[in-house]
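Peer 1: Structure file start32.pdb (PDB, C-alpha atoms and all ligand atoms) is given on the next line.
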```pdb
MODEL        1
ATOM      1  CA  MET A 685       4.864  -2.863  24.254  1.00  0.00           C
ATOM      2  CA  ASN A 686       8.393  -1.658  23.500  1.00  0.00           C
ATOM      3  CA  ASP A 687       9.479   1.715  22.131  1.00  0.00           C
ATOM      4  CA  ILE A 688       9.677   0.636  18.504  1.00  0.00           C
ATOM      5  CA  GLU A 689       6.159  -0.821  18.604  1.00  0.00           C
ATOM      6  CA  ASN A 690       4.923   2.439  20.130  1.00  0.00           C
ATOM      7  CA  LEU A 691       6.612   4.373  17.343  1.00  0.00           C
ATOM      8  CA  TYR A 692       5.103   2.135  14.651  1.00  0.00           C
ATOM      9  CA  ARG A 693       1.660   2.538  16.185  1.00  0.00           C
ATOM     10  CA  ALA A 694       2.057   6.327  16.261  1.00  0.00           C
ATOM     11  CA  VAL A 695       2.994   6.390  12.559  1.00  0.00           C
ATOM     12  CA  ILE A 696      -0.035   4.226  11.692  1.00  0.00           C
ATOM     13  CA  MET A 697      -2.400   6.460  13.668  1.00  0.00           C
ATOM     14  CA  ASP A 698      -0.915   9.581  12.066  1.00  0.00           C
ATOM     15  CA  HIS A 699      -1.568   8.236   8.547  1.00  0.00           C
ATOM     16  CA  TYR A 700      -5.062   7.140   9.623  1.00  0.00           C
ATOM     17  CA  LYS A 701      -5.902  10.636  10.887  1.00  0.00           C
ATOM     18  CA  ASN A 702      -4.019  12.581   8.187  1.00  0.00           C
ATOM     19  CA  PRO A 703      -3.963  10.346   5.096  1.00  0.00           C
ATOM     20  CA  LYS A 704      -1.721  11.225   2.153  1.00  0.00           C
ATOM     21  CA  ASN A 705      -3.073  11.189  -1.427  1.00  0.00           C
ATOM     22  CA  LYS A 706      -6.648  10.590  -0.263  1.00  0.00           C
ATOM     23  CA  GLY A 707      -9.603  11.398  -2.516  1.00  0.00           C
ATOM     24  CA  LEU A 708     -10.252  10.209  -6.056  1.00  0.00           C
ATOM     25  CA  VAL A 709      -9.784  12.388  -9.126  1.00  0.00           C
ATOM     26  CA  GLU A 710     -11.998  12.698 -12.199  1.00  0.00           C
ATOM     27  CA  ASN A 711      -9.494  11.849 -14.883  1.00  0.00           C
ATOM     28  CA  SER A 712      -9.918   9.175 -17.525  1.00  0.00           C
ATOM     29  CA  SER A 713      -6.162   8.634 -17.802  1.00  0.00           C
ATOM     30  CA  TYR A 714      -6.145   7.154 -14.283  1.00  0.00           C
ATOM     31  CA  LEU A 715      -6.590   3.396 -13.968  1.00  0.00           C
ATOM     32  CA  LYS A 716      -8.884   2.431 -11.123  1.00  0.00           C
ATOM     33  CA  VAL A 717      -9.920  -0.560  -9.088  1.00  0.00           C
ATOM     34  CA  HIS A 718     -12.288  -1.246  -6.213  1.00  0.00           C
ATOM     35  CA  LEU A 719     -11.484  -3.932  -3.625  1.00  0.00           C
ATOM     36  CA  ASN A 720     -13.070  -4.947  -0.368  1.00  0.00           C
ATOM     37  CA  ASN A 721     -12.328  -7.155   2.583  1.00  0.00           C
ATOM     38  CA  PRO A 722     -15.662  -8.504   3.860  1.00  0.00           C
ATOM     39  CA  SER A 723     -14.159 -10.083   6.976  1.00  0.00           C
ATOM     40  CA  CYS A 724     -13.342  -6.621   8.335  1.00  0.00           C
ATOM     41  CA  GLY A 725     -15.578  -4.300   6.309  1.00  0.00           C
ATOM     42  CA  ASP A 726     -12.721  -2.522   4.554  1.00  0.00           C
ATOM     43  CA  ASP A 727     -13.759  -1.054   1.210  1.00  0.00           C
ATOM     44  CA  ILE A 728     -11.327   0.942  -0.901  1.00  0.00           C
ATOM     45  CA  HIS A 729     -10.858   2.461  -4.327  1.00  0.00           C
ATOM     46  CA  VAL A 730      -7.355   2.972  -5.709  1.00  0.00           C
ATOM     47  CA  GLN A 731      -6.357   5.005  -8.757  1.00  0.00           C
ATOM     48  CA  LEU A 732      -3.056   4.880 -10.598  1.00  0.00           C
ATOM     49  CA  CYS A 733      -1.591   7.323 -13.095  1.00  0.00           C
ATOM     50  CA  LEU A 734       1.290   5.903 -15.110  1.00  0.00           C
ATOM     51  CA  GLU A 735       3.598   7.701 -17.505  1.00  0.00           C
ATOM     52  CA  ASP A 736       5.511   5.088 -19.473  1.00  0.00           C
ATOM     53  CA  ASP A 737       6.727   2.832 -16.671  1.00  0.00           C
ATOM     54  CA  GLN A 738       6.775   5.435 -13.919  1.00  0.00           C
ATOM     55  CA  ILE A 739       4.099   5.957 -11.280  1.00  0.00           C
ATOM     56  CA  LYS A 740       3.125   9.624 -11.558  1.00  0.00           C
ATOM     57  CA  ASP A 741       0.268   9.542  -9.071  1.00  0.00           C
ATOM     58  CA  ILE A 742      -1.665   7.263  -6.744  1.00  0.00           C
ATOM     59  CA  ARG A 743      -5.007   8.175  -5.190  1.00  0.00           C
ATOM     60  CA  HIS A 744      -7.136   6.209  -2.758  1.00  0.00           C
ATOM     61  CA  ASP A 745     -10.453   6.574  -1.013  1.00  0.00           C
ATOM     62  CA  GLY A 746     -12.745   4.418   1.017  1.00  0.00           C
ATOM     63  CA  THR A 747     -13.702   3.257   4.465  1.00  0.00           C
ATOM     64  CA  GLY A 748     -12.229   0.703   6.797  1.00  0.00           C
ATOM     65  CA  CYS A 749     -10.239   0.045   9.903  1.00  0.00           C
ATOM     66  CA  SER A 750      -7.187   2.052  10.938  1.00  0.00           C
ATOM     67  CA  ILE A 751      -4.808  -0.603   9.567  1.00  0.00           C
ATOM     68  CA  CYS A 752      -6.421  -0.626   6.116  1.00  0.00           C
ATOM     69  CA  CYS A 753      -6.826   3.142   5.736  1.00  0.00           C
ATOM     70  CA  SER A 754      -3.363   4.011   7.055  1.00  0.00           C
ATOM     71  CA  SER A 755      -1.823   1.339   4.845  1.00  0.00           C
ATOM     72  CA  ALA A 756      -3.435   2.879   1.735  1.00  0.00           C
ATOM     73  CA  SER A 757      -1.874   6.212   2.691  1.00  0.00           C
ATOM     74  CA  ILE A 758       1.576   4.704   3.306  1.00  0.00           C
ATOM     75  CA  MET A 759       1.332   2.599   0.122  1.00  0.00           C
ATOM     76  CA  SER A 760       0.615   5.714  -1.955  1.00  0.00           C
ATOM     77  CA  GLN A 761       3.458   7.628  -0.328  1.00  0.00           C
ATOM     78  CA  THR A 762       5.951   4.759  -0.723  1.00  0.00           C
ATOM     79  CA  LEU A 763       5.164   3.860  -4.341  1.00  0.00           C
ATOM     80  CA  LYS A 764       4.450   7.259  -5.879  1.00  0.00           C
ATOM     81  CA  GLY A 765       7.286   8.286  -8.184  1.00  0.00           C
ATOM     82  CA  GLN A 766       8.700   4.756  -8.450  1.00  0.00           C
ATOM     83  CA  LYS A 767       9.264   2.832 -11.630  1.00  0.00           C
ATOM     84  CA  THR A 768       6.749  -0.009 -11.903  1.00  0.00           C
ATOM     85  CA  LYS A 769       9.500  -2.629 -11.658  1.00  0.00           C
ATOM     86  CA  LYS A 770      10.741  -1.162  -8.370  1.00  0.00           C
ATOM     87  CA  ALA A 771       7.152  -0.792  -7.150  1.00  0.00           C
ATOM     88  CA  LYS A 772       6.536  -4.504  -7.760  1.00  0.00           C
ATOM     89  CA  TYR A 773       9.727  -5.292  -5.846  1.00  0.00           C
ATOM     90  CA  ILE A 774       8.584  -3.158  -2.906  1.00  0.00           C
ATOM     91  CA  ILE A 775       5.115  -4.759  -2.971  1.00  0.00           C
ATOM     92  CA  ARG A 776       6.658  -8.258  -2.868  1.00  0.00           C
ATOM     93  CA  ASN A 777       8.778  -7.221   0.105  1.00  0.00           C
ATOM     94  CA  PHE A 778       5.696  -5.841   1.842  1.00  0.00           C
ATOM     95  CA  TYR A 779       3.900  -9.207   1.472  1.00  0.00           C
ATOM     96  CA  GLU A 780       6.954 -10.946   2.924  1.00  0.00           C
ATOM     97  CA  LEU A 781       6.924  -8.496   5.838  1.00  0.00           C
ATOM     98  CA  LEU A 782       3.272  -9.394   6.550  1.00  0.00           C
ATOM     99  CA  LYS A 783       4.176 -13.085   6.456  1.00  0.00           C
ATOM    100  CA  GLY A 784       6.741 -12.430   9.166  1.00  0.00           C
ATOM    101  CA  THR A 785       9.745 -13.623   7.179  1.00  0.00           C
ATOM    102  CA  ASP A 786      13.195 -12.175   7.802  1.00  0.00           C
ATOM    103  CA  LYS A 787      14.214 -12.174   4.166  1.00  0.00           C
ATOM    104  CA  ILE A 788      13.075  -8.655   3.407  1.00  0.00           C
ATOM    105  CA  ASP A 789      14.644  -5.474   2.134  1.00  0.00           C
ATOM    106  CA  GLU A 790      13.668  -3.177   5.004  1.00  0.00           C
ATOM    107  CA  ASP A 791      15.198  -0.094   3.377  1.00  0.00           C
ATOM    108  CA  ALA A 792      13.040  -0.485   0.259  1.00  0.00           C
ATOM    109  CA  LEU A 793       9.906  -0.576   2.407  1.00  0.00           C
ATOM    110  CA  GLU A 794      10.592   2.846   3.952  1.00  0.00           C
ATOM    111  CA  GLU A 795       7.707   3.750   6.281  1.00  0.00           C
ATOM    112  CA  ALA A 796       5.748   0.593   5.373  1.00  0.00           C
ATOM    113  CA  ILE A 797       7.993  -1.223   7.845  1.00  0.00           C
ATOM    114  CA  VAL A 798       5.544  -0.097  10.555  1.00  0.00           C
ATOM    115  CA  TYR A 799       3.278  -3.058   9.636  1.00  0.00           C
ATOM    116  CA  LYS A 800       5.889  -5.538  10.846  1.00  0.00           C
ATOM    117  CA  GLY A 801       3.770  -6.408  13.871  1.00  0.00           C
ATOM    118  CA  VAL A 802       0.755  -7.322  11.730  1.00  0.00           C
ATOM    119  CA  ALA A 803       2.329 -10.733  11.019  1.00  0.00           C
ATOM    120  CA  LYS A 804       1.366 -11.681  14.575  1.00  0.00           C
ATOM    121  CA  PHE A 805      -2.312 -11.003  13.822  1.00  0.00           C
ATOM    122  CA  PRO A 806      -3.338 -13.120  10.795  1.00  0.00           C
ATOM    123  CA  ALA A 807      -6.839 -11.610  10.714  1.00  0.00           C
ATOM    124  CA  ARG A 808      -5.350  -8.163  10.044  1.00  0.00           C
ATOM    125  CA  ILE A 809      -3.012  -9.167   7.220  1.00  0.00           C
ATOM    126  CA  LYS A 810      -5.782  -8.655   4.640  1.00  0.00           C
ATOM    127  CA  CYS A 811      -6.447  -5.197   6.086  1.00  0.00           C
ATOM    128  CA  ALA A 812      -2.811  -4.175   5.653  1.00  0.00           C
ATOM    129  CA  SER A 813      -2.398  -5.692   2.174  1.00  0.00           C
ATOM    130  CA  LEU A 814      -5.701  -4.643   0.537  1.00  0.00           C
ATOM    131  CA  SER A 815      -4.540  -1.355  -1.009  1.00  0.00           C
ATOM    132  CA  TRP A 816      -1.203  -2.904  -2.052  1.00  0.00           C
ATOM    133  CA  LYS A 817      -3.074  -5.724  -3.836  1.00  0.00           C
ATOM    134  CA  ALA A 818      -5.223  -3.090  -5.535  1.00  0.00           C
ATOM    135  CA  LEU A 819      -2.197  -1.212  -6.846  1.00  0.00           C
ATOM    136  CA  GLU A 820      -0.444  -4.423  -7.871  1.00  0.00           C
ATOM    137  CA  SER A 821      -3.477  -5.428  -9.963  1.00  0.00           C
ATOM    138  CA  LEU A 822      -3.477  -2.025 -11.698  1.00  0.00           C
ATOM    139  CA  ILE A 823       0.215  -2.343 -12.604  1.00  0.00           C
ATOM    140  CA  GLU A 824      -0.410  -5.856 -13.912  1.00  0.00           C
ATOM    141  CA  ASP A 825      -3.341  -4.642 -16.026  1.00  0.00           C
ATOM    142  CA  ALA A 826      -1.146  -1.913 -17.480  1.00  0.00           C
ATOM    143  CA  ASP A 827       1.649  -4.420 -18.188  1.00  0.00           C
ATOM    144  CA  GLU A 828      -0.767  -6.703 -20.035  1.00  0.00           C
ATOM    145  CA  GLU A 829      -2.063  -3.859 -22.153  1.00  0.00           C
ATOM    146  CA  LYS A 830       1.458  -3.015 -23.271  1.00  0.00           C
ATOM    147  CA  ASN A 831       2.225  -6.548 -24.441  1.00  0.00           C
TER     148      ASN A 831
HETATM  149 ZN    ZN B   1      -9.561  -3.962   8.323  1.00  0.00          ZN
ENDMDL
END
```
Transcribe the structure of this file into structure tokens.

Peer 2:
Amino acid sequence: MNDIENLYRAVIMDHYKNPKNKGLVENSSYLKVHLNNPSCGDDIHVQLCLEDDQIKDIRHDGTGCSICCSSASIMSQTLKGQKTKKAKYIIRNFYELLKGTDKIDEDALEEAIVYKGVAKFPARIKCASLSWKALESLIEDADEEKN
């Protein structure tokens, strides 16, 4: 394992042990969704608070492997405060990262770049993308409601 892979692993383990934005809130203005990944046992809830087209807050909770739980933490940190359009752009780039393509905007991904190595382990791609899919579905629901 090279230095950069060691660094990525350390960031993932740090978010797994000390997750950001973890714990759901009792607030009816938050949109929420529950997704699971039976092949691994990951089970997460994600909440989204939007103000116009800006992400004011993201919360997550659940159980799962270190990849899934750390990814929910990094997703919330990366997308909180973004406009929904930018968030969708970042999410698309994250999916491309997991596919192992080179055509990605690494700067937009910020810390989410640490999942670069997941592309080599197809079974873990669902773990890494679960919380991002959850948030994407919430943004899409909100978009549909507006139209
Ligand atoms: Zn998993």

Peer 1: Sorted by chain and rising residue number, list the residues of chain A at most 6 Å from ligand ZN 1 (chain B) (counting all atoms listed in the file), each with its closest atom pair and distance in Å to one decimal, as a tab-separated table.

Peer 2:
```
residue	atom	partner	partner_atom	distance
A:Cys724	CA	B:ZN1	ZN	4.6
A:Asp726	CA	B:ZN1	ZN	5.1
A:Gly748	CA	B:ZN1	ZN	5.6
A:Cys749	CA	B:ZN1	ZN	4.4
A:Ile751	CA	B:ZN1	ZN	6.0
A:Cys752	CA	B:ZN1	ZN	5.1
A:Cys811	CA	B:ZN1	ZN	4.0
```

Peer 1: Neighbourhood query: residues within 9 Å of (2.9, -18.6, 14.2), file coordinates, counting all atoms listed in the file; return as a list of chain:residue names.

Peer 2: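 In the file's frame, the residues around the point are A:Gly784, A:Ala803, A:Lys804, A:Pro806.
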
Peer 1: Next, write the just-selected residues to a file, as a compact mmCIF listing (two decimals), in the coordinates of the input, keeping C-alpha atoms as the atom set.

Peer 2:
```
# COMPACT_ATOMS: atom_id res chain seq x y z
CA GLY A 784 6.74 -12.43 9.17
CA ALA A 803 2.33 -10.73 11.02
CA LYS A 804 1.37 -11.68 14.58
CA PRO A 806 -3.34 -13.12 10.80
```

Peer 1: As a check of understanding, name the residues that the PyMOL selection byres (((chain A and resi 700) around 9) and not hetatm) selects in the supplied structure, as a VMD selection string.

Peer 2: chain A and resid 695 to 699 701 to 703 749 to 755 757

Peer 1: So which one's closest to Val709 of chain A, A:Val730, A:Ile788, A:Val802, A:Ala796? Using all atoms listed in the file, please.

Peer 2: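 Going through A:Val730, A:Ile788, A:Val802, A:Ala796 one by one, the smallest distance to Val709 of chain A is for A:Val730.
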
Peer 1: Can you work out the spacing between atom CA of Leu708 of chain A and atom CA of His729 of chain A in Å, to one decimal?

Peer 2: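 Taking atom CA of Leu708 of chain A and atom CA of His729 of chain A, their separation equals 8.0 Å.
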
Peer 1: May I ask which of the residues A:Lys772, A:Lys800, A:Lys767, A:Lys787 is the closest one to Glu820 of chain A, counting only C-alpha atoms?

Peer 2: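 Ranking A:Lys772, A:Lys800, A:Lys767, A:Lys787 by distance to Glu820 of chain A, first place goes to A:Lys772.
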
Peer 1: Kindly indicate which residue among A:Leu819, A:Ile758, A:Ile688, A:Val717 lies nearest to Arg776 of chain A, using all atoms listed in the file for the distances.

Peer 2: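 Ranked by minimum distance to Arg776 of chain A, first place goes to A:Leu819.
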
Peer 1: Considering all atoms listed in the file, state which residue in the set A:Thr785, A:Gln761, A:Thr747, A:Asn720 is at the smallest distance from Lys704 of chain A.

Peer 2: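 Selected residue with least distance to Lys704 of chain A: A:Gln761.
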
Peer 1: Selection in question (the file shown): the PyMOL selection byres (((chain A and resi 789) around 10) and not hetatm). Which residues does it include, as number ranges by chain?

Peer 2: A: 773-774, 776-778, 780-781, 786-788, 790-794, 797

Peer 1: Atom CA of Ala826 of chain A to atom CA of Val798 of chain A: how many Å, to one decimal?

Peer 2: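 Taking atom CA of Ala826 of chain A as the start and atom CA of Val798 of chain A as the end point, the length is 28.9 Å.
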
Peer 1: I'd like to know which of A:Lys830, A:Lys783, A:Lys810, A:Lys740 is closest to Leu719 of chain A, using all atoms listed in the file.

Peer 2: A:Lys810

Peer 1: Run the PyMOL selection byres (((chain A and resi 766) around 12) and not hetatm) mentally over the shown coordinates, then write out the matched residues as an mmCIF file with C-alpha atoms, in the coordinates of the input, using the chain letters and numbers from the document.

Peer 2:
```
data_model
loop_
_atom_site.group_PDB
_atom_site.id
_atom_site.type_symbol
_atom_site.label_atom_id
_atom_site.label_comp_id
_atom_site.auth_asym_id
_atom_site.auth_seq_id
_atom_site.Cartn_x
_atom_site.Cartn_y
_atom_site.Cartn_z
ATOM 1 C CA LEU A 732 -3.056 4.880 -10.598
ATOM 2 C CA CYS A 733 -1.591 7.323 -13.095
ATOM 3 C CA LEU A 734 1.290 5.903 -15.110
ATOM 4 C CA GLU A 735 3.598 7.701 -17.505
ATOM 5 C CA ASP A 736 5.511 5.088 -19.473
ATOM 6 C CA ASP A 737 6.727 2.832 -16.671
ATOM 7 C CA GLN A 738 6.775 5.435 -13.919
ATOM 8 C CA ILE A 739 4.099 5.957 -11.280
ATOM 9 C CA LYS A 740 3.125 9.624 -11.558
ATOM 10 C CA ASP A 741 0.268 9.542 -9.071
ATOM 11 C CA ILE A 742 -1.665 7.263 -6.744
ATOM 12 C CA MET A 759 1.332 2.599 0.122
ATOM 13 C CA SER A 760 0.615 5.714 -1.955
ATOM 14 C CA GLN A 761 3.458 7.628 -0.328
ATOM 15 C CA THR A 762 5.951 4.759 -0.723
ATOM 16 C CA LEU A 763 5.164 3.860 -4.341
ATOM 17 C CA LYS A 764 4.450 7.259 -5.879
ATOM 18 C CA GLY A 765 7.286 8.286 -8.184
ATOM 19 C CA LYS A 767 9.264 2.832 -11.630
ATOM 20 C CA THR A 768 6.749 -0.009 -11.903
ATOM 21 C CA LYS A 769 9.500 -2.629 -11.658
ATOM 22 C CA LYS A 770 10.741 -1.162 -8.370
ATOM 23 C CA ALA A 771 7.152 -0.792 -7.150
ATOM 24 C CA LYS A 772 6.536 -4.504 -7.760
ATOM 25 C CA TYR A 773 9.727 -5.292 -5.846
ATOM 26 C CA ILE A 774 8.584 -3.158 -2.906
ATOM 27 C CA ILE A 775 5.115 -4.759 -2.971
ATOM 28 C CA ALA A 792 13.040 -0.485 0.259
ATOM 29 C CA ILE A 823 0.215 -2.343 -12.604
#
```

Peer 1: May I ask which of the residues A:Leu782, A:Arg743, A:Asp825, A:Tyr799 is the closest one to Asn705 of chain A, counting only C-alpha atoms?

Peer 2: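 Using only C-alpha atoms, Asn705 of chain A sits closest to A:Arg743.
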
Peer 1: Please indicate the distance in Å from atom CA of Gly725 of chain A to atom CA of Glu710 of chain A, rounded to one decimal place.

Peer 2: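 Value for the atom CA of Gly725 of chain A-atom CA of Glu710 of chain A distance: 25.4 Å.
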
Peer 1: With the input short on atoms, add all heavy atoms back to segment 820-831 of chain A and write it as a PDB file, in the frame of the given file.

Peer 2:
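The result, stored in out_19.pdb:
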```pdb
ATOM      1  N   GLU A 820      -1.133  -3.367  -7.121  1.00  0.00           N
ATOM      2  CA  GLU A 820      -0.444  -4.423  -7.871  1.00  0.00           C
ATOM      3  C   GLU A 820      -1.296  -4.851  -9.070  1.00  0.00           C
ATOM      4  O   GLU A 820      -0.777  -5.036 -10.175  1.00  0.00           O
ATOM      5  CB  GLU A 820      -0.192  -5.618  -6.939  1.00  0.00           C
ATOM      6  CG  GLU A 820       0.612  -6.732  -7.575  1.00  0.00           C
ATOM      7  CD  GLU A 820       0.771  -7.935  -6.635  1.00  0.00           C
ATOM      8  OE1 GLU A 820      -0.151  -8.203  -5.830  1.00  0.00           O
ATOM      9  OE2 GLU A 820       1.806  -8.589  -6.719  1.00  0.00           O
ATOM     10  N   SER A 821      -2.603  -4.989  -8.860  1.00  0.00           N
ATOM     11  CA  SER A 821      -3.477  -5.428  -9.963  1.00  0.00           C
ATOM     12  C   SER A 821      -3.524  -4.371 -11.066  1.00  0.00           C
ATOM     13  O   SER A 821      -3.592  -4.704 -12.249  1.00  0.00           O
ATOM     14  CB  SER A 821      -4.876  -5.760  -9.446  1.00  0.00           C
ATOM     15  OG  SER A 821      -5.604  -4.588  -9.163  1.00  0.00           O
ATOM     16  N   LEU A 822      -3.467  -3.096 -10.692  1.00  0.00           N
ATOM     17  CA  LEU A 822      -3.477  -2.025 -11.698  1.00  0.00           C
ATOM     18  C   LEU A 822      -2.191  -2.045 -12.523  1.00  0.00           C
ATOM     19  O   LEU A 822      -2.226  -1.850 -13.742  1.00  0.00           O
ATOM     20  CB  LEU A 822      -3.653  -0.657 -11.029  1.00  0.00           C
ATOM     21  CG  LEU A 822      -5.020  -0.386 -10.399  1.00  0.00           C
ATOM     22  CD1 LEU A 822      -5.023   0.952  -9.690  1.00  0.00           C
ATOM     23  CD2 LEU A 822      -6.125  -0.438 -11.439  1.00  0.00           C
ATOM     24  N   ILE A 823      -1.065  -2.275 -11.872  1.00  0.00           N
ATOM     25  CA  ILE A 823       0.215  -2.343 -12.604  1.00  0.00           C
ATOM     26  C   ILE A 823       0.201  -3.541 -13.549  1.00  0.00           C
ATOM     27  O   ILE A 823       0.635  -3.454 -14.702  1.00  0.00           O
ATOM     28  CB  ILE A 823       1.405  -2.443 -11.617  1.00  0.00           C
ATOM     29  CG1 ILE A 823       1.570  -1.147 -10.837  1.00  0.00           C
ATOM     30  CG2 ILE A 823       2.705  -2.750 -12.368  1.00  0.00           C
ATOM     31  CD1 ILE A 823       2.650  -1.174  -9.756  1.00  0.00           C
ATOM     32  N   GLU A 824      -0.345  -4.667 -13.059  1.00  0.00           N
ATOM     33  CA  GLU A 824      -0.410  -5.856 -13.912  1.00  0.00           C
ATOM     34  C   GLU A 824      -1.310  -5.630 -15.121  1.00  0.00           C
ATOM     35  O   GLU A 824      -0.992  -6.052 -16.239  1.00  0.00           O
ATOM     36  CB  GLU A 824      -0.889  -7.067 -13.090  1.00  0.00           C
ATOM     37  CG  GLU A 824       0.245  -7.656 -12.261  1.00  0.00           C
ATOM     38  CD  GLU A 824      -0.228  -8.680 -11.239  1.00  0.00           C
ATOM     39  OE1 GLU A 824      -1.450  -8.957 -11.179  1.00  0.00           O
ATOM     40  OE2 GLU A 824       0.627  -9.179 -10.487  1.00  0.00           O
ATOM     41  N   ASP A 825      -2.434  -4.963 -14.897  1.00  0.00           N
ATOM     42  CA  ASP A 825      -3.341  -4.642 -16.026  1.00  0.00           C
ATOM     43  C   ASP A 825      -2.611  -3.802 -17.052  1.00  0.00           C
ATOM     44  O   ASP A 825      -2.732  -4.025 -18.261  1.00  0.00           O
ATOM     45  CB  ASP A 825      -4.563  -3.856 -15.531  1.00  0.00           C
ATOM     46  CG  ASP A 825      -5.527  -4.748 -14.757  1.00  0.00           C
ATOM     47  OD1 ASP A 825      -5.321  -5.977 -14.751  1.00  0.00           O
ATOM     48  OD2 ASP A 825      -6.473  -4.204 -14.159  1.00  0.00           O
ATOM     49  N   ALA A 826      -1.867  -2.809 -16.576  1.00  0.00           N
ATOM     50  CA  ALA A 826      -1.146  -1.913 -17.480  1.00  0.00           C
ATOM     51  C   ALA A 826      -0.054  -2.671 -18.243  1.00  0.00           C
ATOM     52  O   ALA A 826       0.147  -2.453 -19.436  1.00  0.00           O
ATOM     53  CB  ALA A 826      -0.521  -0.762 -16.697  1.00  0.00           C
ATOM     54  N   ASP A 827       0.611  -3.602 -17.550  1.00  0.00           N
ATOM     55  CA  ASP A 827       1.649  -4.420 -18.188  1.00  0.00           C
ATOM     56  C   ASP A 827       1.064  -5.261 -19.306  1.00  0.00           C
ATOM     57  O   ASP A 827       1.631  -5.390 -20.378  1.00  0.00           O
ATOM     58  CB  ASP A 827       2.299  -5.358 -17.156  1.00  0.00           C
ATOM     59  CG  ASP A 827       3.359  -4.637 -16.315  1.00  0.00           C
ATOM     60  OD1 ASP A 827       3.694  -3.498 -16.666  1.00  0.00           O
ATOM     61  OD2 ASP A 827       3.810  -5.199 -15.310  1.00  0.00           O
ATOM     62  N   GLU A 828      -0.121  -5.839 -19.020  1.00  0.00           N
ATOM     63  CA  GLU A 828      -0.767  -6.703 -20.035  1.00  0.00           C
ATOM     64  C   GLU A 828      -1.163  -5.906 -21.255  1.00  0.00           C
ATOM     65  O   GLU A 828      -1.064  -6.392 -22.379  1.00  0.00           O
ATOM     66  CB  GLU A 828      -2.008  -7.368 -19.432  1.00  0.00           C
ATOM     67  CG  GLU A 828      -1.663  -8.688 -18.761  1.00  0.00           C
ATOM     68  CD  GLU A 828      -2.829  -9.252 -17.950  1.00  0.00           C
ATOM     69  OE1 GLU A 828      -3.975  -9.032 -18.361  1.00  0.00           O
ATOM     70  OE2 GLU A 828      -2.557  -9.887 -16.914  1.00  0.00           O
ATOM     71  N   GLU A 829      -1.623  -4.690 -21.027  1.00  0.00           N
ATOM     72  CA  GLU A 829      -2.063  -3.859 -22.153  1.00  0.00           C
ATOM     73  C   GLU A 829      -0.906  -3.509 -23.083  1.00  0.00           C
ATOM     74  O   GLU A 829      -1.091  -3.352 -24.279  1.00  0.00           O
ATOM     75  CB  GLU A 829      -2.697  -2.569 -21.625  1.00  0.00           C
ATOM     76  CG  GLU A 829      -4.174  -2.468 -21.983  1.00  0.00           C
ATOM     77  CD  GLU A 829      -4.833  -1.330 -21.256  1.00  0.00           C
ATOM     78  OE1 GLU A 829      -4.484  -0.171 -21.549  1.00  0.00           O
ATOM     79  OE2 GLU A 829      -5.679  -1.595 -20.386  1.00  0.00           O
ATOM     80  N   LYS A 830       0.287  -3.391 -22.475  1.00  0.00           N
ATOM     81  CA  LYS A 830       1.458  -3.015 -23.271  1.00  0.00           C
ATOM     82  C   LYS A 830       1.905  -4.154 -24.172  1.00  0.00           C
ATOM     83  O   LYS A 830       2.444  -3.922 -25.242  1.00  0.00           O
ATOM     84  CB  LYS A 830       2.615  -2.633 -22.318  1.00  0.00           C
ATOM     85  CG  LYS A 830       2.903  -1.152 -22.312  1.00  0.00           C
ATOM     86  CD  LYS A 830       4.190  -0.842 -21.562  1.00  0.00           C
ATOM     87  CE  LYS A 830       4.064  -1.054 -20.066  1.00  0.00           C
ATOM     88  NZ  LYS A 830       5.328  -0.918 -19.341  1.00  0.00           N
ATOM     89  N   ASN A 831       1.719  -5.391 -23.698  1.00  0.00           N
ATOM     90  CA  ASN A 831       2.225  -6.548 -24.441  1.00  0.00           C
ATOM     91  C   ASN A 831       1.248  -7.022 -25.533  1.00  0.00           C
ATOM     92  O   ASN A 831       0.100  -6.724 -25.487  1.00  0.00           O
ATOM     93  CB  ASN A 831       2.526  -7.711 -23.480  1.00  0.00           C
ATOM     94  CG  ASN A 831       3.629  -7.324 -22.510  1.00  0.00           C
ATOM     95  OD1 ASN A 831       4.528  -6.554 -22.866  1.00  0.00           O
ATOM     96  ND2 ASN A 831       3.553  -7.808 -21.291  1.00  0.00           N
TER      97      ASN A 831
END
```
